[in-house]
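This report refers to the structure that appears directly beneath it.
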Amino acid sequence: MRHHAVEPLVTKRCIHRSSRLGQATTEQGNSEGVPLLYRPTFWRSAAALVLMTGTPLPLWAELNTPIAARVLTFLLPAPKGPMQAAIIFNPDNAASIADALAIEHAIGSGMPVGNTVIRTRRIATTTLDGLRGYRAAFVTAGLRKEQEAIAAAAIRNSVVTITSDLACVQAGRCVVGIGSGPHTQITVSRAASRAVGARFGSAFLMLVKEI
Amino acid sequence: MNCMRYLTAASAVAFAAHPAMVGAQTIDYQALQAVVGEPVTTSVTGKPQRASELPASTLIITADQIARSPARDVPGILKSYAGIDVNRWTAGQSDVAVRGGVQTYNARLLVLVDGRQVYLDHYGMTDWNLLGVSNQDIQQIELVRGPASALFGFNAASGVVNIVTRKPGSTGALKATLSAGNHGVSQMTASLFLPITDFVDAKLTGGRLREDERDIPPGIVGRPQYPVEADHVSGEFHFQADRTSATFGGGYASNRQLEFLPSQLLSNQLYRNADVHATVRQDTAWGGVSLDGFINWLDARYGTDGSIGGLTRSLELANRIMVGKVSALYRLGRANTLRVGMEYRSNRLTSDAQYSDVISYEVASANVMIDLKPTDRITTTGAIRIDRLWLDQSGVIALPAVNDPAEYDRFFDRISLNAAILLQAGSDGRFRINVGRGYQLPSLTNYGFRLSVPLPPPYSIVVAGSPTIAPVATWSGELGYTRQLRGFRVDATAFYTRTTGTIAPPVLASPERTTLIFTSKPTIVQRYYAAGDYTTYGTELSVAGHVSFLTWRANYTWTHTRESLDDQGSPAPIPLSPSLTTPRHKANIVLEYDPGGQWNFSTVTRYTAATRQFATAPAVPLGQVALFDVDSAVALDARVGFRPSRAWEVFASGENLTVAGGASLSPLPADRRVRIGLRLGL
């Protein structure tokens, strides 16, 4: 299995976050000498932090990671042991970065669900070939423009994509959509499932909205 | 007759063997609940459904709620919900009635454990201490209010309870509970979950309960009082690979307790039950197929102190139930579902207190359910089931014969129905209209019982069953509305239930229904009979929500009963009167505080209106049924738990702390039962 680690890429873009939410540090690297306020990464980070912590009505729907992770346990054959899931994000998109951070925060060092333990690694939208070897990927918010490319990469690599953006599912580009709100609404695209070769247990499919 | 039987069995086998049909869903209730954010059940239509989208009034009690409950058994847990009457007649004997119709040995509520019947067919009853399941082993309790015979067959006439047990996970676990309290209460339960391979795991459970009997007032014919003693042990193997899952298991349970019989005589009983069961499920792209089978062997001894109620000799009944069923669930398009099923049941009762050595019947059934969602806002569900029953007897006929043997060689058909429509009203509201027809089957005892009651010479009395007695029909309709508001949920239901041909125990000294058989010793025969009809209607209002770490719920039930029952001209009341025995008003307030730290608290405050209940009062020459006032009651149950770590909890729990005599809805006044205990989870 080949994984394309993304952290170095992000680090080059001058932002590094620990898995703890809100802990961001700028690094000198190739941005050395540029005033902080003029660095684009500063504004992306600041926007992400504000959006994640201070705004009562978020501008995007954050992925409900615990539910997204549990959806994976209904794949057939059921995953057993450690399972690597990709987080597809755009390093130039604040919403995407914030969603990626939130997913990482929720997963932590590994989220045990069913008979598996899910761990995540980031895959940038610019390096989607890195999806090879993954069985599932969380598609972060704010990637409307990249969804077509993500879908193509997911089909090539047989990756189940899960997102909070229901439009992606309705367009048949993402496999699973998880709606926000008190009544958990899960939508599964039959076309996208078939395209990536994913099978879910029938009990699960009877409880979700299949389109 | 036989041709039809074998044809049905052959069809079931062919149905299962057809390659296109190979395939039923694997249900992991815990995982499904976690992913959709609310409990999931298959007990209403046979397909997995969310609690908020069910086409019938359904109660789902989760493992967390059970763990916080002060109750020590399933009836104790159920008693705080709307539309449910729990009568704890004695320390061990409880009956659960849904929407009225309270009586001892309630035959109209079908009770299942993991879909397998624990309802006892010999007498048409449930012994709640013989379930073979302790509270800690329960994943969830599902209760469907209203007839569910179209899915489950006979005896789901007023509802069905399905107790879903915990399944082993990928890691081993040990759960144990020890508790002791006043009135000699002691309880020990343990469950061991063992993963054996990646595909196979096992579960072993066992438990023991002991508690002293309640005091018997002097106006009631009593019996020697022994403590309640219940034991159980069971084991299961689970196999899971890709789309196939299988379960094989068996268990043994015994229970000794004092009970009110349907005749309202107090009697000491001993029940011993063994079972083996197997389930195979195959999941497919279009749905799936399930194959289920079980055999229950019951040995029931009535009058273990040497006599039943001091009137007759003791007796022993041996009941063997064998059931095989197959069902397939099809997903029709993206939102519709079709379920078809077939079932075969063989049931035989052996005893020396019967018309002949063996009274038996076989039942073949077919059922269809369709669930359609024409729009996002409308869901319709329809189900129909046909059951054909063949009655039979064999062996030596007891003399003098009280029936023509030909009366036992007969069959009949019954059709059960359910239909419902769900209408989404706005984003948060939902209307539900549901109608159903179900049947309570006369028990094997109703069909074939025969026991002499000594009388001064020259007469003798024989209490007898009747092979021609008809199943009890229940028609039900309900209109419900559910609304999910910010932080809380409101449910309101209006219901109407009509029960026709309800079965009453023999009425002693009934001048209108006495058969005289002239032999060397003239014999008076008194039979079980269809006493008449009753109608129950009312409303159930429930509110539930949470504020921070406080979970609360409150409910109120108003039940009114009209009855038209024939007492056969007996000078004493017949021991059946749903209008008198069902409380007209009930209310419950439940508060649970669990911040996830070391301490947790819960309280249940229950109000029940006054009723009158039957018991046998002393009289000459035989005891006589009489009505006893049971006062209205406000009972408080409470539980406090302290968790020094995630692995164990110390708790104190009490039921009826207010010592309200009417809290048990029994002629025997309720007492206060308090216990302390330890829960262990490794």
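Chain lettering (A, B, ...) mirrors the order of the structure tokens, residue numbering begins at 1 for each chain separately, and ligand numbering begins at 1 in order of display.
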
- Would you return as an NGL selection string the members of region 339-435 of chain B that DSSP assigns to strand (DSSP E) on this structure's backbone? :B and (339-351 or 356-375 or 378-397 or 410-425 or 429-435)

Store the residues of this selection in a file with C-alpha atoms, as a compact mmCIF listing (two decimals), in the first residue's frame.
```txt
# COMPACT_ATOMS: atom_id res chain seq x y z
CA ARG B 339 -41.14 -8.63 2.90
CA VAL B 340 -42.47 -12.15 2.45
CA GLY B 341 -42.31 -14.89 5.00
CA MET B 342 -43.49 -18.38 5.83
CA GLU B 343 -43.62 -20.16 9.16
CA TYR B 344 -44.35 -23.61 10.46
CA ARG B 345 -45.08 -24.33 14.12
CA SER B 346 -45.64 -27.59 15.96
CA ASN B 347 -46.92 -27.36 19.51
CA ARG B 348 -47.76 -30.21 21.84
CA LEU B 349 -48.75 -30.41 25.47
CA THR B 350 -48.44 -33.60 27.48
CA SER B 351 -50.08 -33.97 30.86
CA SER B 356 -56.10 -37.13 26.50
CA ASP B 357 -52.38 -37.68 26.94
CA VAL B 358 -51.37 -35.20 24.24
CA ILE B 359 -53.13 -32.08 22.99
CA SER B 360 -51.36 -30.60 19.99
CA TYR B 361 -51.65 -28.29 17.03
CA GLU B 362 -49.66 -27.34 14.01
CA VAL B 363 -49.76 -23.94 12.35
CA ALA B 364 -48.63 -23.03 8.85
CA SER B 365 -48.44 -19.33 7.98
CA ALA B 366 -47.61 -17.02 5.15
CA ASN B 367 -47.21 -13.25 5.40
CA VAL B 368 -46.50 -10.29 3.16
CA MET B 369 -45.54 -6.75 4.13
CA ILE B 370 -45.05 -3.85 1.78
CA ASP B 371 -43.62 -0.47 2.74
CA LEU B 372 -43.98 2.26 0.13
CA LYS B 373 -42.75 5.82 0.09
CA PRO B 374 -44.49 7.54 -2.81
CA THR B 375 -43.11 10.93 -1.80
CA ILE B 378 -45.69 10.06 2.84
CA THR B 379 -44.98 6.48 3.87
CA THR B 380 -47.56 3.72 3.65
CA THR B 381 -47.26 0.25 5.11
CA GLY B 382 -49.53 -2.75 4.67
CA ALA B 383 -49.18 -6.28 6.00
CA ILE B 384 -51.32 -9.39 5.80
CA ARG B 385 -50.82 -12.84 7.25
CA ILE B 386 -52.81 -16.03 7.02
CA ASP B 387 -52.49 -18.76 9.63
CA ARG B 388 -53.99 -22.20 9.34
CA LEU B 389 -54.17 -24.26 12.51
CA TRP B 390 -54.74 -28.02 12.75
CA LEU B 391 -55.86 -29.17 16.20
CA ASP B 392 -55.31 -32.73 17.34
CA GLN B 393 -55.25 -35.01 20.37
CA SER B 394 -53.73 -38.42 20.93
CA GLY B 395 -53.21 -41.03 23.59
CA VAL B 396 -55.53 -42.37 26.19
CA ILE B 397 -58.70 -40.33 26.75
CA ARG B 410 -60.41 -29.83 13.07
CA PHE B 411 -58.70 -26.86 11.48
CA PHE B 412 -59.38 -23.18 11.00
CA ASP B 413 -57.87 -20.16 9.26
CA ARG B 414 -57.38 -16.65 10.51
CA ILE B 415 -56.23 -13.57 8.61
CA SER B 416 -54.38 -10.79 10.42
CA LEU B 417 -53.94 -7.30 9.01
CA ASN B 418 -51.98 -4.14 9.60
CA ALA B 419 -52.06 -0.92 7.62
CA ALA B 420 -50.52 2.45 8.38
CA ILE B 421 -49.82 5.78 6.82
CA LEU B 422 -47.23 8.30 7.98
CA LEU B 423 -47.52 11.92 6.94
CA GLN B 424 -44.67 14.33 7.42
CA ALA B 425 -46.08 17.65 8.69
CA GLY B 429 -43.93 16.90 12.81
CA ARG B 430 -45.41 13.57 11.78
CA PHE B 431 -48.95 12.18 11.77
CA ARG B 432 -49.53 8.44 12.04
CA ILE B 433 -52.71 6.54 11.28
CA ASN B 434 -52.64 2.83 12.01
CA VAL B 435 -55.24 0.08 11.95
```

- Item | Residue neighbourhood region 179-181 of chain B, 12 Å, only C-alpha atoms, exclusion window fewer than 6 positions, as a list in words |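 Near neighbours after the sequence-gap exclusion: Arg72, Gln187, Met188, Thr189, Gly207, Arg208, Leu209, Arg210, Glu211, Asp212, Glu649, Val650, Phe651, Ala652, Ser653, Gly654, Glu655, Arg672, Arg673, Val674, Arg675, Ile676, Gly677, Leu678, Arg679 and Leu680 of chain B.
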
- Task: For Gly92 (chain B), list every protein, DNA or RNA residue within 8 Å, evaluated using only C-alpha atoms, and leave out those in the same chain fewer than 6 positions away; present the list as a list in words.
- Result: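 Those residues are Asn129, Glu213, Val228, Gln257, Leu258 and Glu259 of chain B.
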
Let's have the selection written as a PDB file, in the first residue's frame, with N, CA and C atoms.
```
ATOM      1  N   ASN B 129     -39.723 -14.004  34.833  1.00  0.00           N
ATOM      2  CA  ASN B 129     -38.491 -14.480  35.485  1.00  0.00           C
ATOM      3  C   ASN B 129     -37.892 -15.675  34.763  1.00  0.00           C
ATOM      4  N   GLU B 213     -41.391 -13.593  49.297  1.00  0.00           N
ATOM      5  CA  GLU B 213     -42.738 -13.296  48.818  1.00  0.00           C
ATOM      6  C   GLU B 213     -43.354 -12.168  49.652  1.00  0.00           C
ATOM      7  N   VAL B 228     -39.096 -16.464  45.918  1.00  0.00           N
ATOM      8  CA  VAL B 228     -38.923 -16.551  44.464  1.00  0.00           C
ATOM      9  C   VAL B 228     -37.482 -16.982  44.212  1.00  0.00           C
ATOM     10  N   GLN B 257     -42.155 -19.659  41.872  1.00  0.00           N
ATOM     11  CA  GLN B 257     -42.800 -18.475  42.429  1.00  0.00           C
ATOM     12  C   GLN B 257     -44.270 -18.743  42.763  1.00  0.00           C
ATOM     13  N   LEU B 258     -44.807 -17.869  43.584  1.00  0.00           N
ATOM     14  CA  LEU B 258     -46.234 -17.901  43.915  1.00  0.00           C
ATOM     15  C   LEU B 258     -46.974 -17.059  42.891  1.00  0.00           C
ATOM     16  N   GLU B 259     -48.105 -17.579  42.396  1.00  0.00           N
ATOM     17  CA  GLU B 259     -48.826 -16.863  41.337  1.00  0.00           C
ATOM     18  C   GLU B 259     -50.329 -16.884  41.583  1.00  0.00           C
TER      19      GLU B 259
END
```

- Contacts of Glu540 (chain B) at 9 Å (only C-alpha atoms; same-chain gap of 5+ positions) as a list of chain:residue names: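 Contacts, with the query itself left out: B:Ala82, B:Gly83, B:Asp491, B:Ala492, B:Thr493, B:Ala494, B:Phe495, B:Asn555, B:Tyr556, B:Thr557, B:Trp558, B:Thr559.
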
Those residues with N, CA and C atoms, as a PDB file, in the first residue's frame please?
```
ATOM      1  N   ALA B  82     -45.947   5.206  28.735  1.00  0.00           N
ATOM      2  CA  ALA B  82     -47.367   5.436  28.457  1.00  0.00           C
ATOM      3  C   ALA B  82     -48.013   4.211  27.814  1.00  0.00           C
ATOM      4  N   GLY B  83     -49.268   3.982  28.161  1.00  0.00           N
ATOM      5  CA  GLY B  83     -50.041   2.924  27.516  1.00  0.00           C
ATOM      6  C   GLY B  83     -49.735   1.530  28.017  1.00  0.00           C
ATOM      7  N   ASP B 491     -45.193  13.416  21.904  1.00  0.00           N
ATOM      8  CA  ASP B 491     -45.977  12.365  21.251  1.00  0.00           C
ATOM      9  C   ASP B 491     -47.389  12.387  21.812  1.00  0.00           C
ATOM     10  N   ALA B 492     -48.368  12.326  20.929  1.00  0.00           N
ATOM     11  CA  ALA B 492     -49.759  12.243  21.374  1.00  0.00           C
ATOM     12  C   ALA B 492     -50.453  11.186  20.524  1.00  0.00           C
ATOM     13  N   THR B 493     -51.149  10.276  21.177  1.00  0.00           N
ATOM     14  CA  THR B 493     -51.827   9.194  20.459  1.00  0.00           C
ATOM     15  C   THR B 493     -53.223   8.988  21.027  1.00  0.00           C
ATOM     16  N   ALA B 494     -54.175   8.822  20.135  1.00  0.00           N
ATOM     17  CA  ALA B 494     -55.514   8.397  20.543  1.00  0.00           C
ATOM     18  C   ALA B 494     -55.717   6.985  20.001  1.00  0.00           C
ATOM     19  N   PHE B 495     -56.222   6.086  20.828  1.00  0.00           N
ATOM     20  CA  PHE B 495     -56.352   4.698  20.389  1.00  0.00           C
ATOM     21  C   PHE B 495     -57.746   4.146  20.682  1.00  0.00           C
ATOM     22  N   ASN B 555     -45.191  11.278  31.057  1.00  0.00           N
ATOM     23  CA  ASN B 555     -46.283  10.782  30.232  1.00  0.00           C
ATOM     24  C   ASN B 555     -47.554  10.628  31.055  1.00  0.00           C
ATOM     25  N   TYR B 556     -48.659  10.662  30.349  1.00  0.00           N
ATOM     26  CA  TYR B 556     -49.967  10.502  30.974  1.00  0.00           C
ATOM     27  C   TYR B 556     -50.807   9.617  30.066  1.00  0.00           C
ATOM     28  N   THR B 557     -51.520   8.673  30.653  1.00  0.00           N
ATOM     29  CA  THR B 557     -52.391   7.780  29.883  1.00  0.00           C
ATOM     30  C   THR B 557     -53.787   7.781  30.491  1.00  0.00           C
ATOM     31  N   TRP B 558     -54.765   8.011  29.637  1.00  0.00           N
ATOM     32  CA  TRP B 558     -56.159   7.881  30.049  1.00  0.00           C
ATOM     33  C   TRP B 558     -56.749   6.698  29.301  1.00  0.00           C
ATOM     34  N   THR B 559     -57.299   5.759  30.032  1.00  0.00           N
ATOM     35  CA  THR B 559     -57.845   4.538  29.430  1.00  0.00           C
ATOM     36  C   THR B 559     -59.266   4.329  29.928  1.00  0.00           C
TER      37      THR B 559
END
```

- Counting only C-alpha atoms, which residues from chain B have an atom at most 8 Å from any atom of chain A, and could you show them as a PyMOL selection string? chain B and resi 24-27+31-32+34-37+47-50+169-170+241-243+283-288+331+334-335

- Item | Selection: 7 Å around Ala473 (chain B), only C-alpha atoms, excl. self and same-chain fewer than 5 positions, as a list in words | Gly438, Tyr439, Gln440, Thr499, Thr500 and Gly501 of chain B

- Item | Atom-to-atom span, CA of Asp352 (chain B) and CA of Gln103 (chain B), Å |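 We find that CA of Asp352 (chain B) and CA of Gln103 (chain B) lie 26.7 Å from each other.
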
- Message: Give me, as a ChimeraX atom specification, all polymer residues having an atom no more than 8 Å from region 453-466 of chain B, counting only C-alpha atoms and skipping those fewer than 2 positions away in the same chain.
- Response: /B:311-312,354-355,402,445-451,468-469,506,521-529

Dump of N, CA and C atoms for the selected residues, as an mmCIF file, in the first residue's frame:
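The resulting out-v8.cif:
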```cif
data_model
loop_
_atom_site.group_PDB
_atom_site.id
_atom_site.type_symbol
_atom_site.label_atom_id
_atom_site.label_comp_id
_atom_site.auth_asym_id
_atom_site.auth_seq_id
_atom_site.Cartn_x
_atom_site.Cartn_y
_atom_site.Cartn_z
ATOM 1 N N LEU B 311 -57.427 -26.512 46.583
ATOM 2 C CA LEU B 311 -58.662 -27.097 46.069
ATOM 3 C C LEU B 311 -58.445 -28.404 45.330
ATOM 4 N N THR B 312 -57.372 -28.466 44.554
ATOM 5 C CA THR B 312 -57.173 -29.647 43.715
ATOM 6 C C THR B 312 -55.776 -30.196 43.931
ATOM 7 N N GLN B 354 -55.471 -33.672 31.278
ATOM 8 C CA GLN B 354 -55.981 -33.253 29.980
ATOM 9 C C GLN B 354 -57.063 -34.206 29.505
ATOM 10 N N TYR B 355 -57.690 -33.795 28.430
ATOM 11 C CA TYR B 355 -58.680 -34.649 27.773
ATOM 12 C C TYR B 355 -58.055 -35.993 27.389
ATOM 13 N N VAL B 402 -65.218 -35.869 28.306
ATOM 14 C CA VAL B 402 -66.053 -34.662 28.377
ATOM 15 C C VAL B 402 -66.278 -34.031 27.004
ATOM 16 N N THR B 445 -54.026 -25.278 27.121
ATOM 17 C CA THR B 445 -54.845 -25.556 28.302
ATOM 18 C C THR B 445 -56.310 -25.229 28.025
ATOM 19 N N ASN B 446 -56.558 -24.108 27.353
ATOM 20 C CA ASN B 446 -57.939 -23.762 26.986
ATOM 21 C C ASN B 446 -58.573 -24.855 26.139
ATOM 22 N N TYR B 447 -57.759 -25.488 25.296
ATOM 23 C CA TYR B 447 -58.292 -26.537 24.427
ATOM 24 C C TYR B 447 -58.511 -27.867 25.152
ATOM 25 N N GLY B 448 -57.533 -28.246 25.979
ATOM 26 C CA GLY B 448 -57.571 -29.638 26.410
ATOM 27 C C GLY B 448 -57.486 -29.916 27.887
ATOM 28 N N PHE B 449 -57.588 -28.879 28.723
ATOM 29 C CA PHE B 449 -57.436 -29.097 30.169
ATOM 30 C C PHE B 449 -58.550 -30.006 30.704
ATOM 31 N N ARG B 450 -58.216 -30.755 31.724
ATOM 32 C CA ARG B 450 -59.239 -31.573 32.384
ATOM 33 C C ARG B 450 -58.734 -31.936 33.766
ATOM 34 N N LEU B 451 -59.400 -31.416 34.784
ATOM 35 C CA LEU B 451 -58.949 -31.667 36.154
ATOM 36 C C LEU B 451 -60.172 -31.769 37.064
ATOM 37 N N THR B 468 -63.574 -26.382 20.845
ATOM 38 C CA THR B 468 -64.258 -25.548 19.852
ATOM 39 C C THR B 468 -64.155 -24.056 20.163
ATOM 40 N N ILE B 469 -63.433 -23.719 21.166
ATOM 41 C CA ILE B 469 -63.320 -22.311 21.532
ATOM 42 C C ILE B 469 -62.556 -21.562 20.430
ATOM 43 N N PRO B 506 -63.216 -21.260 33.749
ATOM 44 C CA PRO B 506 -64.512 -21.849 34.104
ATOM 45 C C PRO B 506 -65.136 -21.150 35.303
ATOM 46 N N LYS B 521 -70.756 -41.816 39.329
ATOM 47 C CA LYS B 521 -70.652 -40.634 40.181
ATOM 48 C C LYS B 521 -70.971 -39.433 39.291
ATOM 49 N N PRO B 522 -72.122 -38.834 39.407
ATOM 50 C CA PRO B 522 -72.488 -37.731 38.502
ATOM 51 C C PRO B 522 -71.402 -36.640 38.478
ATOM 52 N N THR B 523 -71.048 -36.223 37.240
ATOM 53 C CA THR B 523 -69.949 -35.264 37.068
ATOM 54 C C THR B 523 -70.467 -33.951 36.482
ATOM 55 N N ILE B 524 -70.132 -32.881 37.141
ATOM 56 C CA ILE B 524 -70.480 -31.541 36.647
ATOM 57 C C ILE B 524 -69.271 -31.014 35.880
ATOM 58 N N VAL B 525 -69.470 -30.609 34.617
ATOM 59 C CA VAL B 525 -68.348 -30.119 33.807
ATOM 60 C C VAL B 525 -68.473 -28.612 33.634
ATOM 61 N N GLN B 526 -67.433 -27.914 34.001
ATOM 62 C CA GLN B 526 -67.362 -26.468 33.818
ATOM 63 C C GLN B 526 -66.195 -26.181 32.876
ATOM 64 N N ARG B 527 -66.437 -25.322 31.876
ATOM 65 C CA ARG B 527 -65.432 -25.166 30.817
ATOM 66 C C ARG B 527 -64.930 -23.721 30.707
ATOM 67 N N TYR B 528 -63.725 -23.619 30.134
ATOM 68 C CA TYR B 528 -63.286 -22.309 29.638
ATOM 69 C C TYR B 528 -64.279 -21.884 28.568
ATOM 70 N N TYR B 529 -64.578 -20.613 28.474
ATOM 71 C CA TYR B 529 -65.587 -20.200 27.499
ATOM 72 C C TYR B 529 -65.329 -18.765 27.030
#
```

- Message: When you look at Thr65 (chain A) with a cut-off of 12 Å (counting only C-alpha atoms), what residues show up, excluding the ones that are within fewer than 2 positions of it in the same chain? I need them as an MDAnalysis selection string.
- Response: (chainID A and resid 61:63 67:72 85 87 99:108 111 113 118:120 137:140 162:164 177:180) or (chainID B and resid 35)

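In this comparison, which uses only C-alpha atoms, the residue of A:Asn157, A:Gln84, A:Ser96, A:Asn64 approaching Gly197 (chain A) most closely is A:Asn157.
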
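The residues of region 310-510 of chain B that DSSP assigns to helix (DSSP H, G or I) on this backbone come out as Pro405, Ala406, Glu407, Tyr408, Leu444, Thr445, Asn446, Tyr447 and Gly448 of chain B.
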
Go ahead and save the picked residues with N, CA, C and O atoms, as a compact mmCIF listing (two decimals), in the first residue's frame.
```txt
# COMPACT_ATOMS: atom_id res chain seq x y z
N PRO B 405 -64.24 -37.09 20.64
CA PRO B 405 -62.87 -36.98 20.09
C PRO B 405 -62.84 -36.26 18.74
O PRO B 405 -61.84 -35.61 18.41
N ALA B 406 -63.92 -36.37 17.97
CA ALA B 406 -63.93 -35.72 16.65
C ALA B 406 -63.80 -34.20 16.75
O ALA B 406 -63.36 -33.53 15.81
N GLU B 407 -64.18 -33.66 17.91
CA GLU B 407 -64.09 -32.19 18.06
C GLU B 407 -62.63 -31.71 18.08
O GLU B 407 -62.36 -30.52 17.89
N TYR B 408 -61.72 -32.63 18.36
CA TYR B 408 -60.31 -32.26 18.35
C TYR B 408 -59.66 -32.44 16.98
O TYR B 408 -58.49 -32.13 16.82
N LEU B 444 -53.16 -24.14 24.82
CA LEU B 444 -53.34 -25.59 24.83
C LEU B 444 -54.18 -26.02 26.03
O LEU B 444 -54.94 -26.98 25.97
N THR B 445 -54.03 -25.28 27.12
CA THR B 445 -54.85 -25.56 28.30
C THR B 445 -56.31 -25.23 28.03
O THR B 445 -57.21 -25.98 28.41
N ASN B 446 -56.56 -24.11 27.35
CA ASN B 446 -57.94 -23.76 26.99
C ASN B 446 -58.57 -24.85 26.14
O ASN B 446 -59.77 -25.12 26.23
N TYR B 447 -57.76 -25.49 25.30
CA TYR B 447 -58.29 -26.54 24.43
C TYR B 447 -58.51 -27.87 25.15
O TYR B 447 -59.51 -28.55 24.90
N GLY B 448 -57.53 -28.25 25.98
CA GLY B 448 -57.57 -29.64 26.41
C GLY B 448 -57.49 -29.92 27.89
O GLY B 448 -57.38 -31.08 28.29
```

- Message: For a test of reading the model, state the distance in Å between CA of Tyr252 (chain B) and CA of Ser158 (chain B), rounded to one decimal.
- Response: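 Spanning CA of Tyr252 (chain B) to CA of Ser158 (chain B) is a straight-line distance of 28.1 Å.
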
- Item | Which residue of B:Phe628, B:Tyr302, B:Tyr496, B:Phe488 approaches Gly545 (chain B) most closely, using only C-alpha atoms |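 Closest candidate: B:Phe488.
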
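If you look at CA of Ile196 (chain B) and CA of His277 (chain B), they are 20.1 Å away from each other.
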